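Worksheet for the structure shown next.
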Amino acid sequence: MTVSSFVVTHHPLSVDDVIASIGDSTKPAAGAIALFLGQVRSENMSKHVMHLEYEGFEPLAIKAFRRIANEARESWGDARLVIHHRLGTLEVSETSVVIAATSPHRAEAFATCRYAIERIKQIAPIWKHEFFEGGDVWVEGATADPDDQEAREHAYRQACI
Amino acid sequence: MHITVRLFARLRDIAGSGELVRQVPDGSTARALWDQLVAEYTEFTGYRDAVSTAINEEYAKMDRVLADGDEVAFLPPVSGG
């Protein structure tokens, strides 16, 4: 079964699917794979989180992931990215995002993986609705602007620490 | 011109719908459409400098001139990951 590199889904994420997708897209074997999994925290800003609801603008999210992968390739050449993001209701400790970055060498794989999560938080059209004890709130982070070079450079610096 | 408006997250909650159809004059920009929505939904006011837009499923600038039948999405600050 072929698994896409860039996915948004209401179904639970599978690290195996992400790894399988790398297998489909890499020739020969990469050498290094860096994985990042985002997980629903039980505490956020001193609040006890009960669950999250993720909403996304799906076609634009896929394009944003593709854009992030192209940006990463500009910085780290051979690095490739796979990004699977969950939508819908997630309980505490469930996985919200799986990112895999592959490269011939570990430094580029780690950098690409870190860059990807920073850029997702900046430009992916996805929103968290947090339900905590006593209320709920839409979490609002970055104003999405893919052409904001300052934001992109910030993500790059985070990746290269 | 007929424009389909897509709203997400808190903007959708405020409007009570994720999809609206609105009429705008020829030559209107995404910003003009947004201002029209702010007049309709006063709680949108706080998003004036924080909203992003996508036209026909591509990110766009607020000064983009719209065409009849465009789908214009307004995106509050994002929080994926």
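In the structure tokens, the first chain shown is A, the next is B, and so on; residue numbers restart at 1 for each chain, and ligands run from 1 in the order shown.
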
*Compile the contact shell of Asn70 (chain A) as a ChimeraX atom specification: residues with an atom at most 12 Å away, counting only C-alpha atoms, same-chain residues fewer than 3 positions apart removed.*
/A:63-67,73-82,112,115-116,119

*Contact residues around region 5-17 of chain B with only C-alpha atoms at 10 Å, ignoring same-chain residues under 5 positions, as JSON, numbers by chain*: {"A": [54, 55, 56, 57, 125, 126, 127, 128, 129, 137, 138, 139, 140], "B": [22, 33, 34, 37, 40, 41, 42, 43, 44, 47, 51, 53, 54, 55, 70, 71, 72, 73, 74, 75, 76, 77, 78]}

Go ahead and dump the residues you just picked, N, CA and C atoms, as a compact mmCIF listing (two decimals), in the first residue's frame.
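Once written, part_8.txt looks like this:
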```
# COMPACT_ATOMS: atom_id res chain seq x y z
N TYR A 54 -9.01 19.35 17.06
CA TYR A 54 -8.23 19.98 16.00
C TYR A 54 -9.10 20.18 14.77
N GLU A 55 -9.02 21.39 14.24
CA GLU A 55 -9.72 21.70 12.99
C GLU A 55 -8.67 22.08 11.96
N GLY A 56 -8.91 21.76 10.69
CA GLY A 56 -7.94 22.14 9.66
C GLY A 56 -8.62 22.49 8.36
N PHE A 57 -7.94 23.31 7.58
CA PHE A 57 -8.37 23.59 6.20
C PHE A 57 -7.54 22.63 5.35
N PRO A 125 -2.56 25.66 8.23
CA PRO A 125 -3.90 26.12 8.63
C PRO A 125 -4.65 25.08 9.45
N ILE A 126 -4.20 24.95 10.69
CA ILE A 126 -4.73 23.97 11.64
C ILE A 126 -4.88 24.68 12.98
N TRP A 127 -5.98 24.37 13.69
CA TRP A 127 -6.28 25.06 14.95
C TRP A 127 -6.64 24.06 16.03
N LYS A 128 -6.17 24.37 17.25
CA LYS A 128 -6.51 23.57 18.44
C LYS A 128 -7.63 24.24 19.20
N HIS A 129 -8.66 23.50 19.54
CA HIS A 129 -9.69 23.97 20.45
C HIS A 129 -9.49 23.17 21.74
N VAL A 137 -11.13 27.02 25.03
CA VAL A 137 -10.54 28.17 24.34
C VAL A 137 -9.94 27.71 23.01
N TRP A 138 -10.11 28.54 21.98
CA TRP A 138 -9.36 28.32 20.74
C TRP A 138 -7.95 28.82 20.96
N VAL A 139 -6.97 27.98 20.75
CA VAL A 139 -5.58 28.41 20.88
C VAL A 139 -5.20 29.16 19.61
N GLU A 140 -4.68 30.37 19.77
CA GLU A 140 -4.31 31.18 18.61
C GLU A 140 -2.83 31.53 18.71
N ARG B 22 -21.50 35.84 0.05
CA ARG B 22 -21.68 37.29 0.15
C ARG B 22 -21.52 37.93 -1.23
N LEU B 33 -13.80 42.71 1.53
CA LEU B 33 -14.73 41.66 1.95
C LEU B 33 -14.62 41.45 3.46
N TRP B 34 -13.39 41.42 3.96
CA TRP B 34 -13.17 41.26 5.41
C TRP B 34 -13.84 42.40 6.17
N LEU B 37 -17.39 41.90 6.52
CA LEU B 37 -17.72 40.89 7.54
C LEU B 37 -17.55 41.46 8.95
N GLU B 40 -20.50 43.19 9.97
CA GLU B 40 -21.59 42.25 10.26
C GLU B 40 -21.38 41.51 11.59
N TYR B 41 -20.13 41.14 11.85
CA TYR B 41 -19.78 40.39 13.06
C TYR B 41 -18.75 41.22 13.84
N THR B 42 -19.22 42.00 14.80
CA THR B 42 -18.32 42.97 15.45
C THR B 42 -17.18 42.28 16.19
N GLU B 43 -17.38 41.03 16.61
CA GLU B 43 -16.29 40.33 17.32
C GLU B 43 -15.10 40.03 16.41
N PHE B 44 -15.27 40.17 15.10
CA PHE B 44 -14.14 39.99 14.18
C PHE B 44 -13.12 41.12 14.31
N TYR B 47 -9.43 40.81 15.13
CA TYR B 47 -8.58 40.02 14.24
C TYR B 47 -8.00 40.84 13.09
N VAL B 51 -5.54 38.31 10.98
CA VAL B 51 -6.20 37.37 10.10
C VAL B 51 -5.35 37.13 8.84
N THR B 53 -5.49 35.23 4.80
CA THR B 53 -6.51 34.84 3.83
C THR B 53 -5.94 33.84 2.82
N ALA B 54 -6.83 33.00 2.32
CA ALA B 54 -6.48 32.09 1.23
C ALA B 54 -7.59 32.19 0.19
N ILE B 55 -7.21 32.36 -1.06
CA ILE B 55 -8.18 32.48 -2.13
C ILE B 55 -8.06 31.24 -3.02
N ASP B 70 -15.00 33.42 -6.59
CA ASP B 70 -13.85 33.06 -5.75
C ASP B 70 -14.32 32.48 -4.41
N GLU B 71 -13.52 31.56 -3.89
CA GLU B 71 -13.71 31.09 -2.51
C GLU B 71 -12.63 31.76 -1.66
N VAL B 72 -13.06 32.55 -0.70
CA VAL B 72 -12.12 33.30 0.13
C VAL B 72 -12.19 32.77 1.56
N ALA B 73 -11.07 32.24 2.03
CA ALA B 73 -11.00 31.72 3.40
C ALA B 73 -10.34 32.76 4.29
N PHE B 74 -10.91 32.97 5.46
CA PHE B 74 -10.26 33.82 6.46
C PHE B 74 -9.81 32.95 7.62
N LEU B 75 -8.51 33.09 7.94
CA LEU B 75 -7.87 32.19 8.89
C LEU B 75 -7.40 32.96 10.12
N PRO B 76 -7.91 32.62 11.30
CA PRO B 76 -7.36 33.23 12.51
C PRO B 76 -5.94 32.66 12.75
N PRO B 77 -5.19 33.23 13.69
CA PRO B 77 -3.84 32.69 13.96
C PRO B 77 -3.88 31.18 14.18
N VAL B 78 -2.91 30.50 13.62
CA VAL B 78 -2.93 29.04 13.58
C VAL B 78 -2.27 28.44 14.82
```

Check which residues of chain B sit at most 6 Å from chain A using only C-alpha atoms, and return one row each with the closest pair of atoms and their distance in Å to one decimal, ordered by chain and rising number, as a Markdown table.
```
| residue | atom | partner | partner_atom | distance |
| --- | --- | --- | --- | --- |
| B:Ala50 | CA | A:Thr143 | CA | 5.4 |
| B:Ser52 | CA | A:Ala144 | CA | 5.9 |
| B:Glu57 | CA | A:Leu60 | CA | 5.5 |
| B:Pro77 | CA | A:Thr143 | CA | 4.3 |
| B:Val78 | CA | A:Gly141 | CA | 5.3 |
| B:Ser79 | CA | A:Trp127 | CA | 4.7 |
| B:Gly80 | CA | A:Ile126 | CA | 4.7 |
| B:Gly81 | CA | A:Lys121 | CA | 5.9 |
```

Selection from above, C-alpha atoms, as a PDB file, in the first residue's frame, can you write it?
```pdb
ATOM      1  CA  ALA B  50      -3.995  38.892  12.794  1.00  0.00           C
ATOM      2  CA  SER B  52      -4.737  35.573   7.065  1.00  0.00           C
ATOM      3  CA  GLU B  57      -7.143  27.222  -1.544  1.00  0.00           C
ATOM      4  CA  PRO B  77      -3.843  32.691  13.957  1.00  0.00           C
ATOM      5  CA  VAL B  78      -2.930  29.035  13.576  1.00  0.00           C
ATOM      6  CA  SER B  79      -2.050  26.542  16.314  1.00  0.00           C
ATOM      7  CA  GLY B  80      -1.253  23.195  14.719  1.00  0.00           C
ATOM      8  CA  GLY B  81       1.409  20.757  15.795  1.00  0.00           C
TER       9      GLY B  81
END
```

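In the backbone-derived DSSP annotation, strand (DSSP E) within chain B comprises His2, Ile3, Thr4, Val5, Arg6, Leu7, Glu19, Leu20, Val21, Arg22, Gln23, Ser52, Thr53, Ala54, Ile55, Glu58, Tyr59, Ala60, Glu71, Val72, Ala73, Phe74 and Leu75 of chain B.
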
*Please report, as a VMD selection string, each residue of chain B to which DSSP assigns alpha helix (DSSP H) when run on this structure's backbone.*
chain B and resid 9 to 15 30 to 40

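Residues in contact range of Thr29 (chain B), defined as at most 8 Å between only C-alpha atoms, with sequence neighbours fewer than 4 positions away removed, read Leu33, Met62, Asp63, Arg64, Val65 and Leu66 of chain B.
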